[in-house]
file input.txt (compact mmCIF, C-alpha atoms)
# COMPACT_ATOMS: atom_id res chain seq x y z
CA MET Y 1 -5.59 1.01 23.97
CA GLN Y 2 -2.46 3.19 23.84
CA THR Y 3 0.76 1.56 25.03
CA ILE Y 4 4.39 2.59 25.40
CA ASN Y 5 6.68 -0.14 24.08
CA ASP Y 6 10.43 -0.62 23.92
CA LEU Y 7 11.78 -0.28 20.40
CA PHE Y 8 13.84 -3.49 20.43
CA ASP Y 9 17.55 -2.81 21.01
CA TYR Y 10 17.57 0.89 20.08
CA ASN Y 11 17.07 2.26 23.61
CA LEU Y 12 13.95 4.09 22.48
CA LYS Y 13 10.27 4.07 23.37
CA ILE Y 14 7.40 4.05 20.89
CA ILE Y 15 3.71 4.86 21.32
CA GLN Y 16 1.34 2.33 19.78
CA ASN Y 17 -2.30 1.32 19.92
CA GLU Y 18 -3.06 -2.36 20.39
CA LEU Y 19 -6.18 -2.00 18.23
CA ASN Y 20 -4.44 -0.25 15.33
CA PHE Y 21 -1.75 -1.33 12.92
CA LYS Y 22 1.56 -1.57 14.79
CA PHE Y 23 5.06 -1.39 13.35
CA SER Y 24 6.62 -4.63 12.21
CA LEU Y 25 9.96 -6.11 11.29
CA ASP Y 26 9.86 -4.79 7.72
CA SER Y 27 10.26 -1.22 8.98
CA ILE Y 28 13.31 -2.22 11.01
CA LEU Y 29 14.89 -4.01 8.05
CA LEU Y 30 14.27 -1.00 5.81
CA ALA Y 31 15.84 1.39 8.32
CA GLU Y 32 18.89 -0.86 8.62
CA PHE Y 33 19.17 -1.20 4.82
CA ILE Y 34 19.66 2.54 4.24
CA ASP Y 35 23.13 3.93 3.50
CA LEU Y 36 23.42 7.09 5.60
CA GLU Y 37 26.80 8.38 4.44
CA ASN Y 38 26.82 12.12 3.63
CA VAL Y 39 23.12 12.56 4.40
CA ASN Y 40 21.64 15.81 5.68
CA LYS Y 41 17.89 15.40 5.09
CA ILE Y 42 15.62 12.34 5.06
CA VAL Y 43 11.91 12.18 4.26
CA ASP Y 44 9.83 9.16 5.31
CA PHE Y 45 6.58 8.72 3.38
CA CYS Y 46 3.72 6.93 5.22
CA THR Y 47 5.68 7.13 8.46
CA GLY Y 48 3.00 5.62 10.71
CA ASN Y 49 4.03 5.99 14.35
CA ALA Y 50 7.50 7.09 13.20
CA VAL Y 51 9.39 3.86 13.76
CA ILE Y 52 11.75 4.49 10.81
CA PRO Y 53 12.63 8.08 11.83
CA LEU Y 54 13.20 6.88 15.40
CA ILE Y 55 15.62 4.15 14.32
CA LEU Y 56 17.42 6.42 11.87
CA SER Y 57 17.95 9.00 14.62
CA THR Y 58 20.26 6.49 16.34
CA LYS Y 59 22.43 6.31 13.20
CA THR Y 60 22.59 9.85 11.83
CA LYS Y 61 22.36 13.50 12.84
CA ALA Y 62 20.44 14.29 9.63
CA LYS Y 63 17.15 16.16 9.82
CA ILE Y 64 14.28 13.69 9.43
CA TYR Y 65 10.74 14.41 8.26
CA GLY Y 66 7.91 11.89 8.53
CA ILE Y 67 4.65 12.24 6.58
CA GLU Y 68 1.53 10.58 8.01
CA TYR Y 69 -2.04 11.10 6.80
CA GLN Y 70 -4.05 9.41 9.57
CA LYS Y 71 -4.52 11.94 12.38
CA GLN Y 72 -4.60 9.45 15.24
CA ILE Y 73 -1.45 7.68 14.03
CA TYR Y 74 0.21 11.07 13.47
CA ASP Y 75 -0.57 11.93 17.11
CA TYR Y 76 1.13 8.71 18.27
CA ALA Y 77 4.17 9.63 16.20
CA LEU Y 78 4.36 13.07 17.83
CA LYS Y 79 4.20 11.49 21.27
CA SER Y 80 6.92 9.00 20.36
CA ILE Y 81 9.20 11.79 19.20
CA LYS Y 82 8.52 13.76 22.39
CA ILE Y 83 9.16 10.95 24.89
CA ASN Y 84 12.50 10.26 23.21
CA ASN Y 85 13.48 13.96 23.24
CA LEU Y 86 13.98 14.01 19.46
CA ASN Y 87 11.90 17.10 18.57
CA ASN Y 88 15.00 18.94 17.36
CA GLN Y 89 15.85 16.22 14.84
CA ILE Y 90 12.53 14.69 13.76
CA ASN Y 91 9.55 16.62 12.40
CA ILE Y 92 6.28 14.78 11.78
CA ILE Y 93 3.79 16.30 9.31
CA ASN Y 94 0.09 15.41 9.12
CA ALA Y 95 -0.45 15.38 5.35
CA ASP Y 96 -1.29 13.28 2.32
CA VAL Y 97 1.90 12.25 0.49
CA LYS Y 98 0.10 12.95 -2.79
CA ASN Y 99 -0.38 16.61 -1.80
CA ILE Y 100 2.90 17.78 -0.28
CA ASN Y 101 4.46 19.54 -3.27
CA ASN Y 102 4.07 22.97 -1.65
CA LEU Y 103 5.93 22.02 1.56
CA SER Y 104 9.26 23.78 1.08
CA ASN Y 105 10.92 22.18 4.13
CA LEU Y 106 10.76 18.82 2.33
CA ALA Y 107 12.68 20.10 -0.70
CA LYS Y 108 15.96 18.54 -1.80
CA PRO Y 109 16.17 15.51 0.51
CA ASP Y 110 19.15 13.19 0.24
CA ILE Y 111 16.93 10.18 0.90
CA ILE Y 112 13.25 9.33 0.63
CA VAL Y 113 12.17 6.14 2.38
CA CYS Y 114 8.82 4.36 2.44
CA ASN Y 115 7.16 1.31 3.96
CA PRO Y 116 3.86 1.58 2.06
CA PRO Y 117 0.57 -0.31 2.05
CA TYR Y 118 1.34 -3.64 0.39
CA PHE Y 119 -1.96 -4.79 -1.06
CA LYS Y 120 -3.96 -3.57 -4.01
CA TYR Y 121 -7.53 -2.66 -3.09
CA GLN Y 122 -10.56 -3.94 -4.94
CA GLN Y 123 -14.21 -4.06 -3.92
CA ASN Y 124 -13.94 -7.78 -3.15
CA SER Y 125 -10.67 -7.43 -1.19
CA LEU Y 126 -10.58 -9.12 2.21
CA ILE Y 127 -10.01 -6.17 4.54
CA ASN Y 128 -9.89 -5.55 8.27
CA GLN Y 129 -12.89 -3.82 9.83
CA ASN Y 130 -10.48 -1.51 11.66
CA ILE Y 131 -10.09 1.39 9.22
CA ALA Y 132 -6.62 2.34 10.50
CA LYS Y 133 -5.32 -1.17 9.82
CA THR Y 134 -7.03 -1.27 6.44
CA ILE Y 135 -5.45 2.01 5.33
CA ALA Y 136 -2.03 0.83 6.51
CA ARG Y 137 -2.26 -2.46 4.61
CA HIS Y 138 -4.26 -1.66 1.47
CA GLU Y 139 -3.80 0.92 -1.28
CA ILE Y 140 -6.99 2.80 -0.42
CA LEU Y 141 -5.60 6.33 0.02
CA ILE Y 142 -2.33 5.97 -1.88
CA ASP Y 143 -0.86 3.41 -4.22
CA LEU Y 144 2.59 2.33 -5.33
CA GLU Y 145 2.67 4.62 -8.35
CA ASP Y 146 1.68 7.65 -6.25
CA ILE Y 147 4.59 6.96 -3.91
CA ILE Y 148 7.21 6.41 -6.60
CA LYS Y 149 6.03 9.44 -8.58
CA GLN Y 150 6.27 11.70 -5.52
CA ALA Y 151 9.68 10.31 -4.58
CA SER Y 152 10.94 11.21 -8.04
CA ASN Y 153 9.35 14.67 -7.82
CA PHE Y 154 11.27 15.50 -4.63
CA LEU Y 155 14.60 13.84 -5.34
CA GLN Y 156 17.38 15.51 -7.26
CA THR Y 157 19.74 13.64 -9.56
CA LYS Y 158 21.85 10.97 -7.79
CA LYS Y 159 19.71 11.03 -4.64
CA SER Y 160 18.19 7.83 -3.30
CA PHE Y 161 14.79 6.25 -2.75
CA TYR Y 162 14.43 3.23 -0.42
CA LEU Y 163 11.40 0.95 -0.34
CA VAL Y 164 10.29 -2.27 1.32
CA HIS Y 165 7.52 -4.28 -0.30
CA ARG Y 166 6.20 -7.75 -1.00
CA SER Y 167 8.52 -9.57 -3.39
CA ASN Y 168 5.65 -10.60 -5.69
CA ARG Y 169 5.31 -6.94 -6.74
CA LEU Y 170 8.93 -6.53 -7.76
CA ASP Y 171 8.17 -6.33 -11.48
CA GLU Y 172 5.72 -3.49 -10.90
CA ILE Y 173 8.21 -1.66 -8.68
CA ILE Y 174 10.95 -1.83 -11.32
CA ILE Y 175 8.61 -0.70 -14.12
CA LEU Y 176 7.33 2.27 -12.11
CA CYS Y 177 10.80 3.30 -10.97
CA HIS Y 178 11.98 3.29 -14.59
CA LYS Y 179 8.91 5.31 -15.62
CA TYR Y 180 9.83 8.04 -13.11
CA ASN Y 181 13.60 8.09 -13.74
CA LEU Y 182 14.57 6.10 -10.66
CA ASN Y 183 17.06 3.41 -11.59
CA VAL Y 184 16.98 0.39 -9.29
CA LYS Y 185 20.53 -0.04 -7.97
CA LYS Y 186 20.14 -2.63 -5.20
CA ILE Y 187 17.67 -5.42 -4.54
CA CYS Y 188 17.72 -7.48 -1.35
CA PHE Y 189 15.37 -10.44 -1.07
CA VAL Y 190 14.24 -11.17 2.49
CA PHE Y 191 13.54 -14.74 3.55
CA THR Y 192 11.78 -15.17 6.89
CA LYS Y 193 12.06 -18.92 7.47
CA LYS Y 194 14.73 -21.57 7.16
CA ASN Y 195 14.66 -23.35 3.77
CA GLN Y 196 12.09 -20.89 2.44
CA ILE Y 197 12.01 -20.96 -1.38
CA GLN Y 198 10.14 -17.76 -2.18
CA PRO Y 199 11.22 -14.55 -0.40
CA LEU Y 200 8.43 -12.74 1.41
CA LEU Y 201 9.82 -9.21 1.17
CA VAL Y 202 12.13 -7.21 -1.02
CA LEU Y 203 14.20 -4.17 -0.10
CA ILE Y 204 14.90 -1.72 -2.92
CA LYS Y 205 17.35 1.12 -3.40
CA ALA Y 206 16.75 3.31 -6.46
CA VAL Y 207 18.73 6.39 -7.50
CA LYS Y 208 17.37 9.31 -9.50
CA ASN Y 209 18.86 9.57 -13.01
CA SER Y 210 21.66 7.12 -12.25
CA HIS Y 211 23.55 4.82 -14.60
CA PRO Y 212 22.10 1.33 -15.11
CA GLY Y 213 23.40 -1.63 -13.12
CA VAL Y 214 21.90 -3.45 -10.15
CA LYS Y 215 23.31 -5.43 -7.22
CA ILE Y 216 21.21 -8.35 -5.96
CA THR Y 217 21.59 -9.83 -2.48
CA ASN Y 218 19.49 -11.78 -0.01
CA ILE Y 219 19.18 -12.35 3.73
CA ASN Y 220 17.39 -14.92 5.85
CA ILE Y 221 16.28 -13.20 9.03
CA SER Y 222 15.71 -16.50 10.81
CA GLU Y 223 19.50 -16.66 11.17
CA TYR Y 224 19.64 -13.47 13.26
CA THR Y 225 18.75 -12.87 16.89
CA THR Y 226 18.99 -9.09 16.51
CA TYR Y 227 18.48 -6.96 13.43
CA GLN Y 228 20.66 -4.01 14.32
CA ASN Y 229 23.46 -3.61 11.79
CA ILE Y 230 22.21 -6.59 9.80
CA PHE Y 231 23.64 -5.06 6.63
CA LYS Y 232 26.83 -3.72 8.22
CA GLU Y 233 29.29 -5.91 6.31
CA GLU Y 234 27.53 -5.32 3.00
CA LYS Y 235 27.85 -1.53 3.37
CA LYS Y 236 31.62 -1.59 3.79

call {"tool": "encode", "arguments": {"input": "input.txt", "output": "structure tokens"}}
result
Amino acid sequence: MQTINDLFDYNLKIIQNELNFKFSLDSILLAEFIDLENVNKIVDFCTGNAVIPLILSTKTKAKIYGIEYQKQIYDYALKSIKINNLNNQINIINADVKNINNLSNLAKPDIIVCNPPYFKYQQNSLINQNIAKTIARHEILIDLEDIIKQASNFLQTKKSFYLVHRSNRLDEIIILCHKYNLNVKKICFVFTKKNQIQPLLVLIKAVKNSHPGVKITNINISEYTTYQNIFKEEKK
């Protein structure tokens, strides 16, 4: 069933389907994590129903492109852009991230951002019978290396890649970023509960062909009632 929901405190509406994979807090945290200073073009891989482009539109006038492979989810994204009157700023493309090298309008972005499928897929993996949810959660159509490789292909030197992922895959993320000339510059561990020992998520900023050196921070989202500007002080 298609629904129109409020997008938290952003004064926006978003189209979702109760039976399909809906946006979650990790997308909001990733959007808030991004440094948008001197940015003219943003590309969002695996955009889903365009929650990250929608949030970013409240923070920047940059042109934003979202890439979504699943046709039904892509259609929801288009509707979300339309009902918020953001067609002039946000462009959603129905394509496979692995096969977008010939799309000239995506060239030379200042930022690539991605909230990807989190889980490796094997034949014995416990998966949802809903194919849309399965594709959103599991690396069936695209995996972590595909995403990082494509981010590096599109980014020029000193431009940034932002990623949210499960913290238990941090070692793989760092290895792959290094393999494709993306130096990890900032790591933020995300704790979701009070007194939690192991962070659930990690937010990553990597910069193409940058000097080594990484800043490590953490947040506990249980301490916040709203997630807008959660990283505001850190960005100063």

call {"tool": "closest_atom_pairs", "arguments": {"input": "input.txt", "of": "range 167-189 of chain Y", "to": "range 203-214 of chain Y", "cutoff": "9 Å", "atoms": "all atoms listed in the file", "output": "tab-separated table"}}
result
residue	atom	partner	partner_atom	distance
Y:Ser167	CA	Y:Leu203	CA	8.5
Y:Ile173	CA	Y:Ile204	CA	8.8
Y:Cys177	CA	Y:Ala206	CA	7.5
Y:Tyr180	CA	Y:Lys208	CA	8.5
Y:Asn181	CA	Y:Asn209	CA	5.5
Y:Leu182	CA	Y:Lys208	CA	4.4
Y:Asn183	CA	Y:Ala206	CA	5.1
Y:Val184	CA	Y:Ala206	CA	4.1
Y:Lys185	CA	Y:Val214	CA	4.3
Y:Lys186	CA	Y:Lys205	CA	5.0
Y:Ile187	CA	Y:Ile204	CA	4.9
Y:Cys188	CA	Y:Leu203	CA	5.0
Y:Phe189	CA	Y:Leu203	CA	6.5

call {"tool": "closest_residue", "arguments": {"input": "input.txt", "among": "Y:Ile230, Y:Ala107, Y:Ile15, Y:Ile42", "to": "Tyr74 in chain Y", "atoms": "only C-alpha atoms"}}
result
Y:Ile15

call {"tool": "closest_residue", "arguments": {"input": "input.txt", "among": "Y:Ile140, Y:Ile216, Y:Ile92, Y:Ala151", "to": "Tyr76 in chain Y", "atoms": "all atoms listed in the file"}}
result
Y:Ile92

call {"tool": "residues_around", "arguments": {"input": "input.txt", "residues": "Tyr65 in chain Y", "least_positions_apart": "2", "cutoff": "8 Å", "atoms": "all atoms listed in the file", "output": "mmCIF file with C-alpha atoms, keeping the file's coordinate frame"}}
result
data_model
loop_
_atom_site.group_PDB
_atom_site.id
_atom_site.type_symbol
_atom_site.label_atom_id
_atom_site.label_comp_id
_atom_site.auth_asym_id
_atom_site.auth_seq_id
_atom_site.Cartn_x
_atom_site.Cartn_y
_atom_site.Cartn_z
ATOM 1 C CA LYS Y 41 17.890 15.400 5.090
ATOM 2 C CA ILE Y 42 15.620 12.340 5.060
ATOM 3 C CA VAL Y 43 11.910 12.180 4.260
ATOM 4 C CA ASP Y 44 9.830 9.160 5.310
ATOM 5 C CA PRO Y 53 12.630 8.080 11.830
ATOM 6 C CA LYS Y 63 17.150 16.160 9.820
ATOM 7 C CA ILE Y 67 4.650 12.240 6.580
ATOM 8 C CA ILE Y 90 12.530 14.690 13.760
ATOM 9 C CA ASN Y 91 9.550 16.620 12.400
ATOM 10 C CA ILE Y 92 6.280 14.780 11.780
ATOM 11 C CA ILE Y 93 3.790 16.300 9.310
ATOM 12 C CA LEU Y 106 10.760 18.820 2.330
#

call {"tool": "closest_residue", "arguments": {"input": "input.txt", "among": "Y:Ile55, Y:Cys46, Y:Leu103, Y:Leu201", "to": "Leu141 in chain Y", "atoms": "all atoms listed in the file"}}
result
Y:Cys46

call {"tool": "axis_aligned_box", "arguments": {"input": "input.txt", "around": "range 176-186 of chain Y", "padding_each_side": "5 Å", "output": "AutoDock Vina command-line options"}}
result
--center_x 13.9 --center_y 2.7 --center_z -10.4 --size_x 23.2 --size_y 20.7 --size_z 20.4

call {"tool": "closest_residue", "arguments": {"input": "input.txt", "among": "Y:Ile100, Y:Ile175, Y:Ile64, Y:Leu155", "to": "Ala50 in chain Y", "atoms": "all atoms listed in the file"}}
result
Y:Ile64

call {"tool": "atom_distance", "arguments": {"input": "input.txt", "atom1": "CA of Thr60 in chain Y", "atom2": "CA of Asp35 in chain Y"}}
result
10.2 Å

call {"tool": "atom_distance", "arguments": {"input": "input.txt", "atom1": "CA of Val51 in chain Y", "atom2": "CA of Phe23 in chain Y"}}
result
6.8 Å

call {"tool": "atom_distance", "arguments": {"input": "input.txt", "atom1": "CA of Arg166 in chain Y", "atom2": "CA of Asn94 in chain Y"}}
result
26.0 Å

call {"tool": "closest_residue", "arguments": {"input": "input.txt", "among": "Y:Asn115, Y:Lys179, Y:Lys59, Y:Phe191", "to": "Leu30 in chain Y", "atoms": "all atoms listed in the file"}}
result
Y:Asn115

call {"tool": "closest_residue", "arguments": {"input": "input.txt", "among": "Y:Lys159, Y:Ile73, Y:Leu144, Y:Gln150", "to": "Asp171 in chain Y", "atoms": "all atoms listed in the file"}}
result
Y:Leu144

call {"tool": "residues_near_point", "arguments": {"input": "input.txt", "point": "(21.6, -15.1, 5.4)", "cutoff": "10 Å", "atoms": "all atoms listed in the file", "output": "JSON, numbers by chain"}}
result
{"Y": [190, 191, 192, 194, 217, 218, 219, 220, 221, 222, 223, 224, 230]}

call {"tool": "residues_around", "arguments": {"input": "input.txt", "residues": "Val39 in chain Y", "least_positions_apart": "4", "cutoff": "8 Å", "atoms": "only C-alpha atoms", "output": "list in words"}}
result
Thr60, Ala62, Asp110 and Ile111 of chain Y

call {"tool": "residues_near_point", "arguments": {"input": "input.txt", "point": "(11.2, 1.6, -0.4)", "cutoff": "6 Å", "atoms": "only C-alpha atoms", "output": "PDB file with C-alpha atoms, in the frame of the given file"}}
result
ATOM      1  CA  VAL Y 113      12.170   6.140   2.380  1.00  0.00           C
ATOM      2  CA  CYS Y 114       8.820   4.360   2.440  1.00  0.00           C
ATOM      3  CA  ASN Y 115       7.160   1.310   3.960  1.00  0.00           C
ATOM      4  CA  TYR Y 162      14.430   3.230  -0.420  1.00  0.00           C
ATOM      5  CA  LEU Y 163      11.400   0.950  -0.340  1.00  0.00           C
ATOM      6  CA  VAL Y 164      10.290  -2.270   1.320  1.00  0.00           C
ATOM      7  CA  ILE Y 204      14.900  -1.720  -2.920  1.00  0.00           C
TER       8      ILE Y 204
END
